[in-house]
Amino acid sequence: MYILGIESSCDETAASVVKDGRFMMSNAVASQIPVQRLYGGVVPEIASRMHVENICPVVNEALDNAGLKLDDIDAIAVTYAPGLIGALLVGVNFAKGLAYASGKPLVPVHHIRGHIAAVYLTEHELEPPFIALAASGGHSHFILVEDYTKFRVLGRAVDDAAGEAFDKVARALGLPYPGGPEISKIAANGDPIKYQLPDPRPDNPLDVSFSGLKTAVVNLINTDRMKAVETDKASLAAAFEERATDMLAERLAEACGEFGLPGVLCGGVAANSRLREKADVMCSEKGKKLFVVDRKLCGDNGAMIAAAGYYEYLSGRRAGLDLNAYPTRDISEG
Ligand code: KG4
Ligand code: ZN
């Protein structure tokens, strides 16, 4: 069964065809990063307009690269929540038009369910249950994946999401958007123990908090500036990266140990090498295996939406032509 997946929740216009939820036939992505970088982050209005320009060519590219015609597709899956509302609406409306014109079923997909399903595209034998850490620019969730379409949030970032914290810290250090890869780049030449950063521990042991960490970095930079001292940016980036990745990896391993399940690392922040290494070590210390999404599929893409859409389709999920988009929606609601 071929599913066409369409994603436009943030700054990537993406489409892909996936066979049987597991095999990626194509993966077309039009990234807005070079434009959004000029503004230091995603400007929602610009994101929406660029999706409008890119969506047709991107969907055509996904079909062409898969060697398929719209007629060969069995269902159209689209991200409908959560995300930037104007951006989501472009994908949703496009998918509705396509479903209407072709008579194909329309399947709504929750963006974080998509990030989790990205793991099925390389781990072809992996099945739920497992514990997923979905860490992106908008969310950091520790999720019990009970089944392909059944999810329970065990913990979350109580303030800033992990990727958001990377982006804000990068900005404070004068680095371009998106901050995650930039922080890693300069952290490689830093001394991670030169600066002491806080280790916030919210009441729920599976929650994380990044806002105090981010503020501590900003305060250190400001204090240095007032004293006319040059901040060692590489070491500060390294201290932040170590603390942030420790917090995420520890909680994931903790949850895997508690539930006796393997772990899955997904979402944009899962591209971080230190996080991948630490989560692997910490999960194996608990006697649990870790599965990590392929680096190329950690960021937003259409393949993850098609993979999740396949399982939603099998569960009977369908949307009518009145499908709407939602800026926030819990993963357990669908
Ligand atoms: O999943 P994603 O592409 O979009 C959202 O759904 O938000 O995630 C983007 C986020 C950005 O905040 C970016 O800085 C972060 O993922 N990111 C990273 C790395 N690569 C991307 N964070 C840390 N380390 C990285 N290597
Ligand atoms: Zn995402």
# chains A, B, ... in the order shown; residues from 1 in each chain; ligands from 1

$ residues_near_ligand --ligand "ligand 1" --cutoff "6 Å" --atoms "only C-alpha atoms and all ligand atoms" --output "list of chain:residue names"
A:Ser136, A:Gly137, A:Gly138, A:Gly163, A:Glu164, A:Phe166, A:Asp167, A:Pro178, A:Gly179, A:Gly180, A:Pro181, A:Gly267, A:Gly268, A:Val269, A:Ala271, A:Asn272, A:Gly299, A:Asp300

$ write_last_selection --atoms "all heavy atoms" --output "compact mmCIF listing (two decimals), in the first residue's frame"
# COMPACT_ATOMS: atom_id res chain seq x y z
N SER A 136 11.96 18.14 19.69
CA SER A 136 12.02 18.98 18.49
C SER A 136 12.04 20.44 18.91
O SER A 136 12.23 20.76 20.08
CB SER A 136 10.82 18.67 17.60
OG SER A 136 9.65 19.15 18.21
N GLY A 137 11.80 21.32 17.93
CA GLY A 137 11.80 22.73 18.23
C GLY A 137 10.58 23.15 19.05
O GLY A 137 10.62 24.12 19.79
N GLY A 138 9.50 22.39 18.93
CA GLY A 138 8.27 22.76 19.62
C GLY A 138 7.89 21.85 20.78
O GLY A 138 7.07 22.24 21.61
N GLY A 163 14.68 21.82 21.52
CA GLY A 163 15.20 22.50 20.32
C GLY A 163 15.11 24.01 20.46
O GLY A 163 16.01 24.75 20.04
N GLU A 164 14.03 24.45 21.09
CA GLU A 164 13.83 25.89 21.32
C GLU A 164 14.97 26.43 22.21
O GLU A 164 15.50 27.51 21.97
CB GLU A 164 12.48 26.05 22.03
CG GLU A 164 11.98 27.43 22.19
CD GLU A 164 10.65 27.45 22.97
OE1 GLU A 164 10.09 26.36 23.25
OE2 GLU A 164 10.19 28.55 23.29
N PHE A 166 18.01 25.12 22.51
CA PHE A 166 19.21 25.15 21.67
C PHE A 166 19.20 26.41 20.80
O PHE A 166 20.21 27.09 20.67
CB PHE A 166 19.29 23.90 20.77
CG PHE A 166 20.06 22.75 21.40
CD1 PHE A 166 19.39 21.78 22.12
CD2 PHE A 166 21.43 22.65 21.26
CE1 PHE A 166 20.09 20.72 22.70
CE2 PHE A 166 22.14 21.61 21.82
CZ PHE A 166 21.47 20.63 22.55
N ASP A 167 18.04 26.71 20.21
CA ASP A 167 17.95 27.87 19.31
C ASP A 167 18.16 29.18 20.07
O ASP A 167 18.84 30.09 19.58
CB ASP A 167 16.59 27.88 18.59
CG ASP A 167 16.43 26.70 17.64
OD1 ASP A 167 17.45 26.11 17.26
OD2 ASP A 167 15.28 26.36 17.29
N PRO A 178 19.14 27.35 12.39
CA PRO A 178 18.74 26.77 13.67
C PRO A 178 19.95 26.46 14.55
O PRO A 178 21.00 26.05 14.06
CB PRO A 178 18.03 25.47 13.24
CG PRO A 178 18.59 25.13 11.90
CD PRO A 178 19.07 26.39 11.27
N GLY A 179 19.76 26.66 15.84
CA GLY A 179 20.88 26.67 16.77
C GLY A 179 21.51 25.33 17.09
O GLY A 179 22.71 25.28 17.40
N GLY A 180 20.73 24.26 17.04
CA GLY A 180 21.24 22.95 17.47
C GLY A 180 22.56 22.56 16.83
O GLY A 180 23.57 22.38 17.53
N PRO A 181 22.60 22.47 15.50
CA PRO A 181 23.84 22.05 14.86
C PRO A 181 24.98 23.05 15.08
O PRO A 181 26.14 22.65 15.20
CB PRO A 181 23.48 22.00 13.37
CG PRO A 181 21.99 22.03 13.30
CD PRO A 181 21.49 22.64 14.55
N GLY A 267 12.83 13.18 16.46
CA GLY A 267 12.64 14.63 16.47
C GLY A 267 13.94 15.32 16.07
O GLY A 267 15.01 14.69 16.09
N GLY A 268 13.86 16.59 15.72
CA GLY A 268 15.02 17.33 15.22
C GLY A 268 16.25 17.23 16.12
O GLY A 268 17.37 17.08 15.64
N VAL A 269 16.03 17.29 17.45
CA VAL A 269 17.15 17.28 18.39
C VAL A 269 17.84 15.91 18.43
O VAL A 269 18.99 15.78 18.85
CB VAL A 269 16.67 17.73 19.80
CG1 VAL A 269 17.80 17.78 20.80
CG2 VAL A 269 15.99 19.10 19.71
N ALA A 271 19.08 14.48 16.15
CA ALA A 271 20.25 14.50 15.26
C ALA A 271 21.52 14.79 16.06
O ALA A 271 22.62 14.61 15.56
CB ALA A 271 20.06 15.58 14.19
N ASN A 272 21.37 15.22 17.31
CA ASN A 272 22.53 15.60 18.13
C ASN A 272 23.38 14.37 18.51
O ASN A 272 22.89 13.44 19.15
CB ASN A 272 22.03 16.31 19.40
CG ASN A 272 23.17 16.84 20.23
OD1 ASN A 272 23.85 16.10 20.91
ND2 ASN A 272 23.38 18.14 20.15
N GLY A 299 14.75 15.61 11.32
CA GLY A 299 14.03 16.87 11.07
C GLY A 299 12.71 16.58 10.38
O GLY A 299 12.42 15.43 9.99
N ASP A 300 11.91 17.62 10.21
CA ASP A 300 10.57 17.43 9.62
C ASP A 300 10.67 16.90 8.18
O ASP A 300 11.47 17.38 7.39
CB ASP A 300 9.82 18.76 9.61
CG ASP A 300 9.51 19.22 11.02
OD1 ASP A 300 9.60 18.39 11.95
OD2 ASP A 300 9.19 20.41 11.20

$ residues_around --residues "A:Pro200" --least-positions-apart "6" --cutoff "10 Å" --atoms "only C-alpha atoms" --output "mmCIF file with N, CA, C and O atoms, in the first residue's frame"
data_model
loop_
_atom_site.group_PDB
_atom_site.id
_atom_site.type_symbol
_atom_site.label_atom_id
_atom_site.label_comp_id
_atom_site.auth_asym_id
_atom_site.auth_seq_id
_atom_site.Cartn_x
_atom_site.Cartn_y
_atom_site.Cartn_z
ATOM 1 N N ASP A 207 9.794 14.800 33.884
ATOM 2 C CA ASP A 207 9.698 16.111 33.230
ATOM 3 C C ASP A 207 11.099 16.721 33.122
ATOM 4 O O ASP A 207 11.990 16.379 33.904
ATOM 5 N N VAL A 208 11.265 17.618 32.169
ATOM 6 C CA VAL A 208 12.507 18.383 32.077
ATOM 7 C C VAL A 208 12.166 19.869 32.008
ATOM 8 O O VAL A 208 11.059 20.237 31.621
ATOM 9 N N SER A 209 13.144 20.704 32.391
ATOM 10 C CA SER A 209 12.938 22.148 32.320
ATOM 11 C C SER A 209 14.182 22.780 31.721
ATOM 12 O O SER A 209 15.297 22.551 32.196
ATOM 13 N N PHE A 210 13.993 23.550 30.650
ATOM 14 C CA PHE A 210 15.139 24.144 29.961
ATOM 15 C C PHE A 210 15.254 25.643 30.168
ATOM 16 O O PHE A 210 16.278 26.226 29.846
ATOM 17 N N SER A 211 14.189 26.265 30.707
ATOM 18 C CA SER A 211 14.205 27.717 30.712
ATOM 19 C C SER A 211 15.262 28.272 31.682
ATOM 20 O O SER A 211 15.950 29.249 31.367
ATOM 21 N N GLY A 212 15.432 27.616 32.857
ATOM 22 C CA GLY A 212 16.448 28.070 33.824
ATOM 23 C C GLY A 212 17.845 27.914 33.258
ATOM 24 O O GLY A 212 18.734 28.752 33.490
ATOM 25 N N LEU A 213 18.026 26.854 32.516
ATOM 26 C CA LEU A 213 19.329 26.570 31.904
ATOM 27 C C LEU A 213 19.677 27.660 30.878
ATOM 28 O O LEU A 213 20.784 28.205 30.867
ATOM 29 N N ARG A 243 24.798 19.514 29.494
ATOM 30 C CA ARG A 243 23.703 19.515 30.478
ATOM 31 C C ARG A 243 22.377 19.135 29.809
ATOM 32 O O ARG A 243 21.636 18.291 30.302
ATOM 33 N N MET A 247 20.208 15.713 30.566
ATOM 34 C CA MET A 247 18.832 15.743 31.089
ATOM 35 C C MET A 247 17.925 14.839 30.258
ATOM 36 O O MET A 247 17.132 14.062 30.789
#

$ select_by_dssp --residues "stretch 24-233 of chain A" --states "strand (DSSP E)" --output "PyMOL selection string"
chain A and resi 24+28-31+75-81+106-110+130-135+140-147+150-156

$ residues_around --residues "A:Leu63" --least-positions-apart "4" --cutoff "12 Å" --atoms "only C-alpha atoms" --output "PyMOL selection string"
chain A and resi 2-6+14-18+24-28+56-59+67-73+76+302

$ residues_around --residues "A:Arg276" --least-positions-apart "2" --cutoff "10 Å" --atoms "only C-alpha atoms" --output "list in words"
Thr245, Ala249, Leu265, Cys266, Val269, Ala270, Ala271, Asn272, Ser273, Arg274, Lys278, Ala279, Asp280, Val281, Leu290, Phe291, Val292 and Val293 of chain A

$ write_last_selection --atoms "C-alpha atoms" --output "PDB file, in the first residue's frame"
ATOM      1  CA  THR A 245      21.688  16.126  26.522  1.00  0.00           C
ATOM      2  CA  ALA A 249      19.163  10.945  27.948  1.00  0.00           C
ATOM      3  CA  LEU A 265      15.077   8.744  19.960  1.00  0.00           C
ATOM      4  CA  CYS A 266      13.321  11.002  17.418  1.00  0.00           C
ATOM      5  CA  VAL A 269      17.155  17.280  18.390  1.00  0.00           C
ATOM      6  CA  ALA A 270      17.714  13.522  17.950  1.00  0.00           C
ATOM      7  CA  ALA A 271      20.250  14.502  15.261  1.00  0.00           C
ATOM      8  CA  ASN A 272      22.531  15.598  18.131  1.00  0.00           C
ATOM      9  CA  SER A 273      25.533  13.251  18.353  1.00  0.00           C
ATOM     10  CA  ARG A 274      26.095  13.678  22.107  1.00  0.00           C
ATOM     11  CA  LYS A 278      24.583   9.233  25.864  1.00  0.00           C
ATOM     12  CA  ALA A 279      21.121   7.777  25.374  1.00  0.00           C
ATOM     13  CA  ASP A 280      22.700   4.633  23.967  1.00  0.00           C
ATOM     14  CA  VAL A 281      25.066   4.246  26.950  1.00  0.00           C
ATOM     15  CA  LEU A 290      17.952   2.091  21.969  1.00  0.00           C
ATOM     16  CA  PHE A 291      16.696   2.706  18.426  1.00  0.00           C
ATOM     17  CA  VAL A 292      17.607   6.016  16.861  1.00  0.00           C
ATOM     18  CA  VAL A 293      15.938   7.629  13.861  1.00  0.00           C
TER      19      VAL A 293
END

$ closest_residue --among "A:Ala162, A:Ile131, A:Ala170, A:Ile221" --to "A:Ala253" --atoms "only C-alpha atoms"
A:Ile131

$ residues_around --residues "stretch 112-119 of chain A" --least-positions-apart "4" --cutoff "8 Å" --atoms "only C-alpha atoms" --output "list in words"
Glu123, Ala132, Ala134, Val264, Cys266, Gly267, Phe291, Val292, Val293, Asp294, Leu297, Cys298, Asp300, Ala303, Met304, Ile305, Ala306, Ala307, Ala308, Gly309 and Ile331 of chain A

$ closest_residue --among "A:Arg152, A:His110, A:His51, A:His124" --to "A:Val90" --atoms "only C-alpha atoms"
A:His51

$ select_by_dssp --residues "stretch 136-167 of chain A" --states "helix (DSSP H, G or I)" --output "list in words"
Ala162, Gly163, Glu164, Ala165, Phe166 and Asp167 of chain A

$ write_last_selection --atoms "all heavy atoms" --output "PDB file, in the first residue's frame"
ATOM      1  N   ALA A 162      13.266  21.360  23.985  1.00  0.00           N
ATOM      2  CA  ALA A 162      14.720  21.190  23.883  1.00  0.00           C
ATOM      3  C   ALA A 162      15.291  21.977  22.695  1.00  0.00           C
ATOM      4  O   ALA A 162      16.257  22.737  22.846  1.00  0.00           O
ATOM      5  CB  ALA A 162      15.058  19.711  23.752  1.00  0.00           C
ATOM      6  N   GLY A 163      14.683  21.823  21.518  1.00  0.00           N
ATOM      7  CA  GLY A 163      15.199  22.498  20.322  1.00  0.00           C
ATOM      8  C   GLY A 163      15.110  24.011  20.460  1.00  0.00           C
ATOM      9  O   GLY A 163      16.007  24.748  20.038  1.00  0.00           O
ATOM     10  N   GLU A 164      14.030  24.454  21.085  1.00  0.00           N
ATOM     11  CA  GLU A 164      13.833  25.893  21.321  1.00  0.00           C
ATOM     12  C   GLU A 164      14.969  26.426  22.206  1.00  0.00           C
ATOM     13  O   GLU A 164      15.500  27.509  21.965  1.00  0.00           O
ATOM     14  CB  GLU A 164      12.477  26.047  22.026  1.00  0.00           C
ATOM     15  CG  GLU A 164      11.980  27.431  22.186  1.00  0.00           C
ATOM     16  CD  GLU A 164      10.649  27.446  22.966  1.00  0.00           C
ATOM     17  OE1 GLU A 164      10.089  26.360  23.254  1.00  0.00           O
ATOM     18  OE2 GLU A 164      10.190  28.545  23.290  1.00  0.00           O
ATOM     19  N   ALA A 165      15.338  25.645  23.234  1.00  0.00           N
ATOM     20  CA  ALA A 165      16.425  26.054  24.128  1.00  0.00           C
ATOM     21  C   ALA A 165      17.742  26.118  23.349  1.00  0.00           C
ATOM     22  O   ALA A 165      18.504  27.084  23.492  1.00  0.00           O
ATOM     23  CB  ALA A 165      16.532  25.082  25.302  1.00  0.00           C
ATOM     24  N   PHE A 166      18.006  25.118  22.508  1.00  0.00           N
ATOM     25  CA  PHE A 166      19.213  25.152  21.671  1.00  0.00           C
ATOM     26  C   PHE A 166      19.198  26.411  20.802  1.00  0.00           C
ATOM     27  O   PHE A 166      20.208  27.094  20.667  1.00  0.00           O
ATOM     28  CB  PHE A 166      19.290  23.903  20.771  1.00  0.00           C
ATOM     29  CG  PHE A 166      20.055  22.753  21.403  1.00  0.00           C
ATOM     30  CD1 PHE A 166      19.393  21.781  22.125  1.00  0.00           C
ATOM     31  CD2 PHE A 166      21.431  22.654  21.257  1.00  0.00           C
ATOM     32  CE1 PHE A 166      20.089  20.721  22.701  1.00  0.00           C
ATOM     33  CE2 PHE A 166      22.139  21.607  21.821  1.00  0.00           C
ATOM     34  CZ  PHE A 166      21.468  20.629  22.552  1.00  0.00           C
ATOM     35  N   ASP A 167      18.038  26.711  20.210  1.00  0.00           N
ATOM     36  CA  ASP A 167      17.951  27.866  19.313  1.00  0.00           C
ATOM     37  C   ASP A 167      18.162  29.180  20.066  1.00  0.00           C
ATOM     38  O   ASP A 167      18.843  30.089  19.580  1.00  0.00           O
ATOM     39  CB  ASP A 167      16.589  27.882  18.591  1.00  0.00           C
ATOM     40  CG  ASP A 167      16.425  26.701  17.640  1.00  0.00           C
ATOM     41  OD1 ASP A 167      17.454  26.105  17.259  1.00  0.00           O
ATOM     42  OD2 ASP A 167      15.281  26.359  17.289  1.00  0.00           O
TER      43      ASP A 167
END

$ atom_distance --atom1 "atom CA of A:His139" --atom2 "atom CA of A:Gly41"
16.2 Å

$ closest_residue --among "A:Lys288, A:Ala161, A:Leu88, A:Met50" --to "A:Val109" --atoms "only C-alpha atoms"
A:Leu88

$ atom_distance --atom1 "atom CA of A:Ala216" --atom2 "atom CA of A:Ala237"
12.0 Å

$ closest_residue --among "A:Ser102, A:Thr13, A:Asn65, A:Asn60" --to "ligand 2" --atoms "only C-alpha atoms and all ligand atoms"
A:Thr13

$ closest_residue --among "A:Pro129, A:Pro44, A:Pro205, A:Pro192" --to "A:Glu12" --atoms "only C-alpha atoms"
A:Pro44

$ atom_distance --atom1 "atom CA of A:Leu175" --atom2 "atom CA of A:Ala239"
15.8 Å

$ closest_residue --among "A:Gly190, A:Pro202, A:Gly260, A:Pro105" --to "A:Leu314" --atoms "only C-alpha atoms"
A:Pro105
